[in-house]
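Input: a single structure, listed below in structure tokens.
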Protein chains: 2
Amino acid sequence: MTDSKDRILLAHGSGGTMMHSLIKEVIAPTLNMSQLGDAALVGLPSLKGLRLAFTTDSYVVSPLFFPGGNIGDLAVNGTVNDLSMVGAEPVCLSVGIIIEEGLPLETLREVLSSMQRAAQRAKVKIITGDTKVVDRGKCDQLFINTAGVGFVYEDTDLGPHRIKPGDKVLVSGMIGCHGIAVMAERNGLTFDPPVISDSAPLNEITGLILKEKGAVKMMRDPTRGGVATTLKEIALESRLNMEIEETALPVPGGVKGACELLGLDPLYVANEGILIAILSPDRAESILSLIKGLRIGKYAAIIGEVVQPTEGRDSMVIMKTPMGGRRIIDMLAGEQLTRIC
Amino acid sequence: MTDSKDRILLAHGSGGTMMHSLIKEVIAPTLNMSQLGDAALVGLPSLKGLRLAFTTDSYVVSPLFFPGGNIGDLAVNGTVNDLSMVGAEPVCLSVGIIIEEGLPLETLREVLSSMQRAAQRAKVKIITGDTKVVDRGKCDQLFINTAGVGFVYEDTDLGPHRIKPGDKVLVSGMIGCHGIAVMAERNGLTFDPPVISDSAPLNEITGLILKEKGAVKMMRDPTRGGVATTLKEIALESRLNMEIEETALPVPGGVKGACELLGLDPLYVANEGILIAILSPDRAESILSLIKGLRIGKYAAIIGEVVQPTEGRDSMVIMKTPMGGRRIIDMLAGEQLTRIC
């Protein structure tokens with residue numbers, strides 16, 4: 001008899017601790033994969049100093065259309081963002097679509113048009129694709145995989161090895177919008193003010209701030225698992241604490257209201273158009289101004305800083321409340337919202 | 001009211017004329033894609049003469065395990081082969097998996113192990129991945145997308161523009177095995193002799209024969225739609241006729257028997273480990289010997305040649321029967337076998 005713990009659960013896909021264990025204990029060792037970041041980097045002698053960045057994401061969001069986007073632009077933006085987070089300039093994308101028999105051709109057209117518009121906005125080309133059709137009831141309307149290739153220039157050095165105590169933690173925009181927008185659409189809820197997905201390409205920001213040589217130490221986009229899970233990953237990888245000021249977090253009114261109503265924490269809600277960056281302290285303010293100068297970055301904020309952990313203790317994420325309290329923030333444990341990307 | 005012709009049908013995924021129209025009339029123009037071959041090629045100034053090859057394929061084969069392979073090695077081999085067909089040396093793969101809630105972890109492990117073994121055999125690395133989980137009933141156990149990156153060296157020139165009358169048509173192995181193996185497993189049929197999928201990486205062959213500079217003019221692997229559809233594609237793209245000797249086609253006994261029983265034509269059955277190559281006539285025999293020297297190529301054969309079409313007529317594929325008859329071979333029209341990859 002197979003125990004339920006020997007089966008895949010929905011929570012294995014939610015971006016939290018269960019997904020991390022599945023990937024670290026089963027998927028990566030079995031496939032002999034060593035890089036687990038947003039995109040993998042490959043140096044090849046024939047590339048003469050350039051590194052190839054390569055990433056993939058499948059999209060199974062339900063419903064296909066939600067306020068602020070649909071599965072198509074989400075798939076393009078997500079892959080552009082994974083490349084951007086490792087400091088790559090995104091160059092080209094592939095698109096693999098799995099269609100359920102009976103899907104209206106008009107739906108397919110609309111999604112593909114959004115993909116094309118998103119690719120134009122991000123200045124990448126969709127150059128290769130694949131189409132599969134499965135019988136009715138064997139997938140949910142439409143699944144899309146996008147893989148992406150980009151290049152990282154020789155003088156770009158990003159990663160947890162560069163992070164030091166005193167570094168600043170920046171978030172490039174409002175948090176929690178994507179997850180709440182999808183969940184609201186799926187359940188027929190409306191919030192006032194309405195919540196719109198933040199789905200957007202981040203290479204406009206990364207292209208700009210990476211020109212400031214050395215100022216950016218690491219970047220990651222807080223998708224599944226939200227800002228909390230991403231900060232915890234950075235803390236674990238750098239072996240340093242992240243101290244965040246709760247009052248500094250840009251949470252829109254609609255997300256706050258929705259989260260209170262539904263018992264969710266905006267820190268764990270998925271985002272699809274913001275990044276977290278760790279910045280050299282002396283240059284954090286100038287990077288913040290650069291980002292705030294872009295339309296996509298007008299709500300950017302420094303939300304905290306990197307601190308040496310207490311000796312003998314694991315690195316952690318600490319939220320400082322306005323009343324002077326401190327609470328420890330962990331990764332998403334089970335599932336909060338499913339199929340939000 | 002939406003007409004049934006405005007909806008996606010299973011036949012849109014079968015590799016034949018309906019899939020070709022969907023891709024040519026809807027998908028490619030909407031995504032603004034210009035290259036429709038096995039893999040797309042990108043030349044970039046920073047690559048100094050190398051061209052990047054990029055491809056993607058989603059796998060939805062049912063059942064997941066079949067004689068000769070499973071969805072995992074199929075996904076690796078398929079993408080390695082798409083890169084190989086454009087003359088690229090495959091370098092790295094991405095893996096995107098969509099899992100249905102409830103899949104036994106053991107099944108996932110087994111599939112991933114096969115992927116890793118297939119990658120080792122093909123000398124490529126799986127370097128990046130993504131995992132999604134969907135609710136029960138929203139996909140069929142497991143779908144896998146693989147995208148792949150490779151590089152084409154400066155002096156490799158392949159394509160329909162190089163094909164001339166007199167060129168020879170080669171097939172690198174027995175035809176029809178993969179489709180029949182999957183179909184038999186799905187329907188609980190057994191044939192005598194048994195039919196085993198030919199799923200295998202083709203870069204061992206292509207790496208060898210591309211060293212013979214200029215001898216190989218074009219290659220393509222006859223997957224969905226089979227040998228007939230691939231030959232028709234080459235005829236259309238080169239605007240030349242392909243004349244095939246029926247007796248020269250290597251069809252295994254088990255495939256012949258199964259096809260007679262089921263009313264299928266082996267020419268339209270999918271293959272996953274053979275290629276069709278168009279060869280310069282003076283060097284065809286030496287290329288054939290090279291391929292036959294490999295274990296994977298021992299049943300390779302020259303099956304026909306390229307001929308100038310009758311003036312004013314479209315290019316076509318002509319099958320010459322042993323009795324001196326000639327029949328015109330067209331693309332697969334509707335669906336013959338579904339979900340075979």
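By convention here, the chains of the structure tokens are called A, B, ... in the order presented, each chain's residues are numbered starting at 1, and ligands are numbered starting at 1 in the order presented.
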Legend entry - Neighbour list for Val182 of chain A as a PyMOL selection string, cut-off 10 Å, only C-alpha atoms, skip fewer than 5 positions in-chain: chain A and resi 61-70+177+187-189+195-197+270+337-341
Using only N, CA and C atoms, please write the residues we just selected to a file, as a CSV table (one decimal), in the first residue's frame.
chain,number,residue,atom,x,y,z
A,61,VAL,N,-1.9,28.4,-14.4
A,61,VAL,CA,-2.8,29.3,-13.6
A,61,VAL,C,-4.3,29.1,-13.9
A,62,SER,N,-5.1,29.1,-12.9
A,62,SER,CA,-6.5,29.0,-13.1
A,62,SER,C,-7.2,30.1,-12.3
A,63,PRO,N,-8.1,30.9,-12.9
A,63,PRO,CA,-8.5,30.8,-14.3
A,63,PRO,C,-7.4,31.4,-15.3
A,64,LEU,N,-7.6,31.2,-16.6
A,64,LEU,CA,-6.6,31.6,-17.6
A,64,LEU,C,-6.5,33.2,-17.6
A,65,PHE,N,-7.7,33.8,-17.4
A,65,PHE,CA,-7.7,35.3,-17.5
A,65,PHE,C,-8.0,35.8,-16.1
A,66,PHE,N,-7.3,36.9,-15.7
A,66,PHE,CA,-7.5,37.5,-14.4
A,66,PHE,C,-7.2,39.0,-14.5
A,67,PRO,N,-7.6,39.8,-13.5
A,67,PRO,CA,-7.4,41.2,-13.6
A,67,PRO,C,-5.9,41.5,-13.7
A,68,GLY,N,-5.6,42.2,-14.8
A,68,GLY,CA,-4.2,42.5,-15.0
A,68,GLY,C,-3.4,41.6,-15.9
A,69,GLY,N,-4.0,40.5,-16.4
A,69,GLY,CA,-3.2,39.7,-17.3
A,69,GLY,C,-3.9,38.4,-17.6
A,70,ASN,N,-3.2,37.5,-18.2
A,70,ASN,CA,-3.6,36.1,-18.5
A,70,ASN,C,-2.4,35.2,-18.5
A,177,CYS,N,-0.1,41.5,-5.0
A,177,CYS,CA,-1.1,41.7,-5.9
A,177,CYS,C,-1.5,40.5,-6.8
A,187,ASN,N,-12.6,32.9,-7.5
A,187,ASN,CA,-13.7,32.7,-6.5
A,187,ASN,C,-14.8,33.7,-6.7
A,188,GLY,N,-14.7,34.5,-7.7
A,188,GLY,CA,-15.8,35.5,-8.0
A,188,GLY,C,-15.8,36.6,-6.9
A,189,LEU,N,-14.7,36.9,-6.3
A,189,LEU,CA,-14.7,38.0,-5.2
A,189,LEU,C,-14.3,39.3,-5.8
A,195,VAL,N,-7.9,44.7,-6.9
A,195,VAL,CA,-6.5,44.2,-6.9
A,195,VAL,C,-6.2,43.7,-8.3
A,196,ILE,N,-5.2,44.3,-8.9
A,196,ILE,CA,-4.8,43.9,-10.2
A,196,ILE,C,-3.4,43.2,-10.2
A,197,SER,N,-3.3,42.1,-10.9
A,197,SER,CA,-2.0,41.4,-10.9
A,197,SER,C,-0.8,42.4,-11.3
A,270,ALA,N,1.9,35.4,-3.8
A,270,ALA,CA,2.8,35.4,-4.9
A,270,ALA,C,2.7,36.8,-5.7
A,337,LEU,N,-2.1,29.5,-1.5
A,337,LEU,CA,-3.0,29.6,-2.7
A,337,LEU,C,-2.4,28.7,-3.8
A,338,THR,N,-3.2,27.9,-4.5
A,338,THR,CA,-2.7,27.0,-5.5
A,338,THR,C,-2.9,27.6,-6.9
A,339,ARG,N,-2.2,27.1,-7.8
A,339,ARG,CA,-2.3,27.4,-9.2
A,339,ARG,C,-2.4,28.9,-9.5
A,340,ILE,N,-1.5,29.6,-8.9
A,340,ILE,CA,-1.6,31.1,-9.1
A,340,ILE,C,-0.6,31.5,-10.2
A,341,CYS,N,0.2,30.5,-10.7
A,341,CYS,CA,1.0,30.8,-11.9
A,341,CYS,C,1.2,29.5,-12.7
Inset, instruction - For segment 93-109 of chain A, list every protein, DNA or RNA residue within 8 Å, evaluated using only C-alpha atoms, and leave out those in the same chain fewer than 3 positions away; present the list as a PyMOL selection string. - result: (chain A and resi 76+79+112-113+124-149) or (chain B and resi 2+6-10+26-27+30+54-58+145+147)
Legend entry - atom CA of Pro45 of chain B to atom CA of Val80 of chain B, straight-line distance in Å: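 Spanning atom CA of Val80 of chain B to atom CA of Pro45 of chain B is a straight-line distance of 25.2 Å.
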Legend entry - One-decimal distance in Å that lies between atom CA of Val317 of chain A and atom CA of Gly293 of chain A: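 One can read the atom CA of Gly293 of chain A to atom CA of Val317 of chain A distance as 28.8 Å.
Straight-line separation from atom CA of Glu110 of chain B to atom CA of His20 of chain A: 19.5 Å.
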Inset, instruction - Report as a ChimeraX atom specification: the residues of segment 104-246 of chain B with a DSSP assignment of helix (DSSP H, G or I), based on the backbone of this structure. - result: /B:105-122,160-162,177-187,203-209,226-238,246
Legend entry - Of the listed residues A:Pro309, A:Gly72, A:Gly43, A:Pro29, that which approaches Leu236 of chain A most closely, counting only C-alpha atoms: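 Among the listed residues, A:Pro309 lies closest to Leu236 of chain A.
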